[in-house]
>>> print(open('entry-v1.csv').read())   # CSV, C-alpha atoms
chain,number,residue,atom,x,y,z
A,1470,MET,CA,-4.0,42.2,-10.1
A,1471,ILE,CA,-2.8,39.3,-12.1
A,1472,LYS,CA,0.0,38.7,-9.7
A,1473,ARG,CA,-2.5,38.5,-6.8
A,1474,MET,CA,-4.7,36.2,-8.8
A,1475,LEU,CA,-1.7,33.8,-9.5
A,1476,ILE,CA,-0.8,33.8,-5.8
A,1477,PHE,CA,-4.4,33.1,-4.8
A,1478,VAL,CA,-4.5,30.2,-7.3
A,1479,LEU,CA,-1.2,28.8,-6.0
A,1480,PHE,CA,-2.5,29.1,-2.5
A,1481,LEU,CA,-5.7,27.2,-3.4
A,1482,GLN,CA,-3.7,24.4,-5.1
A,1483,THR,CA,-1.4,24.1,-2.1
A,1484,ALA,CA,-4.3,24.0,0.3
A,1485,HIS,CA,-6.1,21.4,-1.9
A,1486,ALA,CA,-2.9,19.2,-2.0
A,1487,GLN,CA,-2.4,19.5,1.8
A,1488,ASN,CA,-6.1,18.5,2.4
A,1489,ALA,CA,-5.7,15.5,0.1
A,1490,GLU,CA,-2.6,14.4,1.9
A,1491,THR,CA,-4.4,14.7,5.3
A,1492,ASN,CA,-7.3,12.7,4.0
A,1493,ILE,CA,-4.9,10.0,2.6
A,1494,HIS,CA,-3.0,9.8,5.8
A,1495,ALA,CA,-6.3,9.3,7.7
A,1496,LEU,CA,-7.5,6.7,5.3
A,1497,LEU,CA,-4.3,4.7,5.5
A,1498,ASN,CA,-4.1,4.9,9.3
A,1499,GLN,CA,-7.8,3.7,9.5
A,1500,TRP,CA,-7.0,0.9,7.0
A,1501,HIS,CA,-4.1,-0.3,9.1
A,1502,ALA,CA,-6.1,0.0,12.3
A,1503,ALA,CA,-9.0,-2.1,10.8
A,1504,ALA,CA,-6.6,-4.9,10.1
A,1505,ALA,CA,-5.1,-4.7,13.6
A,1506,GLN,CA,-8.7,-4.8,15.1
A,1507,ALA,CA,-9.8,-7.6,12.6
A,1508,GLN,CA,-12.6,-5.4,11.2
A,1509,PHE,CA,-13.0,-7.1,7.8
A,1510,GLU,CA,-15.7,-4.8,6.3
A,1511,ASN,CA,-13.8,-1.6,7.4
A,1512,TYR,CA,-10.5,-3.0,6.0
A,1513,PHE,CA,-12.0,-3.6,2.6
A,1514,LYS,CA,-14.2,-0.5,2.4
A,1515,PRO,CA,-11.5,1.9,1.1
A,1516,LEU,CA,-10.4,-0.5,-1.6
A,1517,HIS,CA,-11.2,0.1,-5.3
A,1518,LYS,CA,-13.1,-2.7,-7.1
A,1519,ASP,CA,-9.9,-3.2,-9.2
A,1520,PHE,CA,-7.6,-3.3,-6.2
A,1521,ILE,CA,-4.4,-5.4,-6.4
A,1522,PHE,CA,-2.4,-6.5,-3.3
A,1523,MET,CA,1.2,-7.6,-3.8
A,1524,GLY,CA,2.6,-9.4,-0.8
A,1525,THR,CA,6.1,-10.2,0.4
A,1526,ASP,CA,6.2,-13.5,-1.5
A,1527,ALA,CA,6.9,-13.3,-5.2
A,1528,THR,CA,3.8,-15.4,-5.8
A,1529,GLU,CA,1.5,-13.0,-3.9
A,1530,ARG,CA,-0.4,-10.9,-6.4
A,1531,TRP,CA,-4.0,-10.8,-5.5
A,1532,ASP,CA,-7.0,-9.1,-7.0
A,1533,MET,CA,-9.8,-8.1,-4.7
A,1534,ALA,CA,-11.6,-11.5,-4.6
A,1535,ALA,CA,-8.4,-13.4,-4.1
A,1536,PHE,CA,-7.2,-11.0,-1.4
A,1537,LYS,CA,-10.5,-11.2,0.5
A,1538,ALA,CA,-10.3,-15.0,0.3
A,1539,PHE,CA,-6.8,-15.0,1.7
A,1540,ALA,CA,-7.5,-12.4,4.4
A,1541,LYS,CA,-10.9,-13.7,5.6
A,1542,PRO,CA,-9.6,-16.6,7.8
A,1543,TYR,CA,-7.3,-14.2,9.7
A,1544,PHE,CA,-10.0,-11.7,10.3
A,1545,ASP,CA,-12.4,-14.5,11.4
A,1546,LYS,CA,-9.9,-15.5,14.1
A,1547,GLY,CA,-10.1,-12.0,15.5
A,1548,LYS,CA,-6.5,-11.2,14.6
A,1549,ALA,CA,-5.3,-10.1,11.2
A,1550,TRP,CA,-2.0,-8.2,11.1
A,1551,SER,CA,-0.7,-5.1,12.8
A,1552,PHE,CA,1.2,-2.5,10.9
A,1553,THR,CA,2.3,0.6,12.7
A,1554,THR,CA,3.4,3.5,10.4
A,1555,LEU,CA,6.9,4.7,11.3
A,1556,GLU,CA,7.2,7.1,8.4
A,1557,ARG,CA,5.1,7.9,5.3
A,1558,LYS,CA,5.4,10.1,2.2
A,1559,VAL,CA,2.3,11.0,0.2
A,1560,TYR,CA,2.3,12.6,-3.3
A,1561,VAL,CA,-0.7,13.9,-5.1
A,1562,THR,CA,-1.0,14.7,-8.8
A,1563,SER,CA,-1.6,18.3,-9.8
A,1564,ASP,CA,-5.2,17.5,-10.9
A,1565,GLY,CA,-5.9,16.0,-7.5
A,1566,ASN,CA,-7.3,12.7,-8.9
A,1567,TYR,CA,-4.4,10.3,-8.2
A,1568,ALA,CA,-1.9,9.9,-5.3
A,1569,TRP,CA,0.8,7.5,-4.4
A,1570,PHE,CA,2.7,6.9,-1.2
A,1571,ASP,CA,5.4,4.9,0.4
A,1572,GLU,CA,5.7,4.1,4.1
A,1573,LEU,CA,7.9,2.3,6.6
A,1574,LEU,CA,6.0,0.0,8.9
A,1575,GLN,CA,6.7,-1.8,12.1
A,1576,THR,CA,5.3,-5.3,11.7
A,1577,GLN,CA,5.7,-8.8,13.0
A,1578,MET,CA,8.3,-9.2,10.2
A,1579,LYS,CA,10.2,-6.2,11.7
A,1580,ILE,CA,10.4,-3.2,9.3
A,1581,CYS,CA,8.5,-3.5,6.1
A,1582,ARG,CA,7.9,-1.0,3.3
A,1583,GLY,CA,4.4,-0.4,2.0
A,1584,SER,CA,3.7,1.5,-1.2
A,1585,GLY,CA,0.5,2.1,-3.1
A,1586,VAL,CA,-1.6,4.1,-5.5
A,1587,LEU,CA,-4.9,5.8,-4.8
A,1588,LEU,CA,-7.6,7.1,-7.1
A,1589,LYS,CA,-10.2,9.7,-6.2
A,1590,THR,CA,-13.6,8.4,-7.2
A,1591,ASN,CA,-16.8,10.3,-6.4
A,1592,ASN,CA,-14.8,12.6,-4.2
A,1593,GLN,CA,-13.5,9.7,-2.1
A,1594,TRP,CA,-9.9,8.3,-2.1
A,1595,GLN,CA,-9.7,4.6,-2.8
A,1596,LEU,CA,-6.7,2.3,-2.8
A,1597,VAL,CA,-6.1,0.8,-6.2
A,1598,GLN,CA,-2.8,-1.0,-5.4
A,1599,TYR,CA,-0.7,-1.9,-2.4
A,1600,VAL,CA,2.7,-3.4,-2.3
A,1601,LEU,CA,4.2,-4.8,0.9
A,1602,SER,CA,7.9,-5.5,0.9
A,1603,VAL,CA,10.2,-6.9,3.6
A,1604,THR,CA,13.2,-4.7,4.0
A,1605,VAL,CA,16.7,-6.4,4.1
A,1606,PRO,CA,19.6,-4.4,5.6
A,1607,ASN,CA,22.4,-4.2,3.1
A,1608,ASP,CA,24.8,-5.9,5.5
A,1609,CYS,CA,22.4,-9.0,5.6
A,1610,ILE,CA,21.6,-9.3,1.9
A,1611,ASP,CA,24.1,-12.1,1.1
A,1612,ALA,CA,22.6,-14.2,3.9
A,1613,ALA,CA,19.1,-13.5,2.8
A,1614,ILE,CA,19.9,-14.4,-0.8
A,1615,LYS,CA,21.4,-17.8,0.4
A,1616,ILE,CA,18.2,-18.5,2.3
A,1617,LYS,CA,15.8,-17.7,-0.5
A,1618,ALA,CA,17.8,-18.9,-3.5
A,1619,PRO,CA,16.6,-22.5,-3.6
A,1620,ILE,CA,12.9,-21.4,-3.5
A,1621,GLU,CA,13.3,-18.5,-5.9
A,1622,ASP,CA,15.6,-20.2,-8.4
A,1623,ALA,CA,12.8,-22.8,-8.9
A,1624,LEU,CA,10.2,-20.0,-9.3
A,1625,ILE,CA,12.5,-18.1,-11.7
A,1626,GLU,CA,12.8,-21.3,-13.9
A,1627,SER,CA,9.0,-21.8,-13.7
A,1628,LEU,CA,8.3,-18.2,-14.8
A,1629,ARG,CA,10.8,-18.4,-17.6
A,1630,ASN,CA,9.3,-21.6,-18.9
A,1631,LYS,CA,5.8,-20.1,-18.6
A,1632,LYS,CA,6.9,-17.1,-20.8
A,1633,GLN,CA,8.0,-19.4,-23.7
>>> encode(input="entry-v1.csv", output="structure tokens")
Amino acid sequence: MIKRMLIFVLFLQTAHAQNAETNIHALLNQWHAAAAQAQFENYFKPLHKDFIFMGTDATERWDMAAFKAFAKPYFDKGKAWSFTTLERKVYVTSDGNYAWFDELLQTQMKICRGSGVLLKTNNQWQLVQYVLSVTVPNDCIDAAIKIKAPIEDALIESLRNKKQ
């Protein structure tokens, strides 16, 4: 009897996790589609009030208000950005309240990696953080470093001076 009960509990946990993953995949797919279709309200709807977006530039760390201000002109022109998911992995905590993911995306910048954190609030998943990174093939890293060094060396110096 106890063995059956344990199996049933494990089954419920697995089913719950799979349902959460399905809902998260749907949310992220709809979120990316809202950007591609320049649907401002739909794009920002699944974001938590404390949402943070970290972009591809080292200076791009935006809270919700700053990210909306950055994004609005793109959406107003009727064309924001178009990210097509190539691959995505989703992970859900055992209590079902938090999740994180990573995804490879086809973008205008070629392949990018997106990753993020979600929080379940009032039985709804909300994005709390999203990080967008440009991928650099290992064979090209030296060339990429040469290109970005002058800009990022100055930023490194500025950030070091700011710390002191």
>>> atom_distance(input="entry-v1.csv", atom1="CA of Val1605 in chain A", atom2="CA of Trp1569 in chain A")
22.8 Å
>>> residues_around(input="entry-v1.csv", residues="range 1589-1600 of chain A", least_positions_apart="4", cutoff="9 Å", atoms="all atoms listed in the file", output="list in words")
Ala1489, Asn1492, Ile1493, Leu1496, Leu1497, Lys1514, Pro1515, Leu1516, His1517, Lys1518, Asp1519, Phe1520, Ile1521, Phe1522, Met1523, Gly1524, Thr1525, Gly1565, Asn1566, Tyr1567, Ala1568, Arg1582, Gly1583, Ser1584 and Gly1585 of chain A
>>> residues_around(input="entry-v1.csv", residues="range 1552-1556 of chain A", least_positions_apart="2", cutoff="12 Å", atoms="only C-alpha atoms", output="PyMOL selection string")
chain A and resi 1494-1495+1497-1506+1549-1550+1558-1559+1570-1584+1601
>>> closest_residue(input="entry-v1.csv", among="A:Met1533, A:Asp1622, A:Thr1604, A:Ile1610", to="Tyr1512 in chain A", atoms="all atoms listed in the file")
A:Met1533
>>> closest_residue(input="entry-v1.csv", among="A:Lys1615, A:Leu1588, A:Gln1508, A:Glu1626", to="Lys1546 in chain A", atoms="all atoms listed in the file")
A:Gln1508
>>> closest_residue(input="entry-v1.csv", among="A:Asp1564, A:Val1586, A:Ile1620, A:Phe1544", to="Asn1511 in chain A", atoms="only C-alpha atoms")
A:Phe1544
>>> atom_distance(input="entry-v1.csv", atom1="CA of Lys1632 in chain A", atom2="CA of Ala1538 in chain A")
27.3 Å
>>> atom_distance(input="entry-v1.csv", atom1="CA of Gln1633 in chain A", atom2="CA of Pro1619 in chain A")
22.1 Å
>>> closest_residue(input="entry-v1.csv", among="A:Ile1614, A:Glu1621, A:Gly1547, A:Phe1513", to="Ala1534 in chain A", atoms="all atoms listed in the file")
A:Phe1513
>>> closest_residue(input="entry-v1.csv", among="A:Pro1542, A:Phe1509, A:Thr1528, A:Asn1488", to="Ile1625 in chain A", atoms="only C-alpha atoms")
A:Thr1528
>>> closest_residue(input="entry-v1.csv", among="A:Arg1629, A:Pro1606, A:Thr1491, A:Ala1507", to="Ser1551 in chain A", atoms="only C-alpha atoms")
A:Ala1507
>>> build_atoms(input="entry-v1.csv", residues="range 1603-1616 of chain A", atoms="N, CA and C atoms", output="short mmCIF file (atom, residue, chain, number, x, y, z; two decimals), in the coordinates of the input")
data_model
loop_
_atom_site.label_atom_id
_atom_site.label_comp_id
_atom_site.auth_asym_id
_atom_site.auth_seq_id
_atom_site.Cartn_x
_atom_site.Cartn_y
_atom_site.Cartn_z
N VAL A 1603 9.32 -6.76 2.44
CA VAL A 1603 10.20 -6.90 3.60
C VAL A 1603 11.49 -6.21 3.29
N THR A 1604 11.96 -5.39 4.20
CA THR A 1604 13.20 -4.70 4.00
C THR A 1604 14.36 -5.66 4.45
N VAL A 1605 15.49 -5.59 3.77
CA VAL A 1605 16.70 -6.40 4.10
C VAL A 1605 17.83 -5.43 4.23
N PRO A 1606 18.40 -5.29 5.43
CA PRO A 1606 19.60 -4.40 5.60
C PRO A 1606 20.69 -4.85 4.62
N ASN A 1607 21.39 -3.89 4.04
CA ASN A 1607 22.40 -4.20 3.10
C ASN A 1607 23.48 -5.17 3.65
N ASP A 1608 23.80 -5.05 4.93
CA ASP A 1608 24.80 -5.90 5.50
C ASP A 1608 24.31 -7.38 5.64
N CYS A 1609 23.00 -7.61 5.46
CA CYS A 1609 22.40 -9.00 5.60
C CYS A 1609 22.00 -9.55 4.25
N ILE A 1610 22.16 -8.83 3.16
CA ILE A 1610 21.60 -9.30 1.90
C ILE A 1610 22.18 -10.59 1.41
N ASP A 1611 23.48 -10.81 1.58
CA ASP A 1611 24.10 -12.10 1.10
C ASP A 1611 23.45 -13.27 1.86
N ALA A 1612 23.25 -13.15 3.16
CA ALA A 1612 22.60 -14.20 3.90
C ALA A 1612 21.18 -14.43 3.48
N ALA A 1613 20.46 -13.35 3.21
CA ALA A 1613 19.10 -13.50 2.80
C ALA A 1613 18.99 -14.15 1.40
N ILE A 1614 19.91 -13.82 0.51
CA ILE A 1614 19.90 -14.40 -0.80
C ILE A 1614 20.17 -15.95 -0.68
N LYS A 1615 21.08 -16.35 0.18
CA LYS A 1615 21.40 -17.80 0.40
C LYS A 1615 20.11 -18.52 0.87
N ILE A 1616 19.35 -17.89 1.75
CA ILE A 1616 18.20 -18.50 2.30
C ILE A 1616 17.07 -18.66 1.22
#
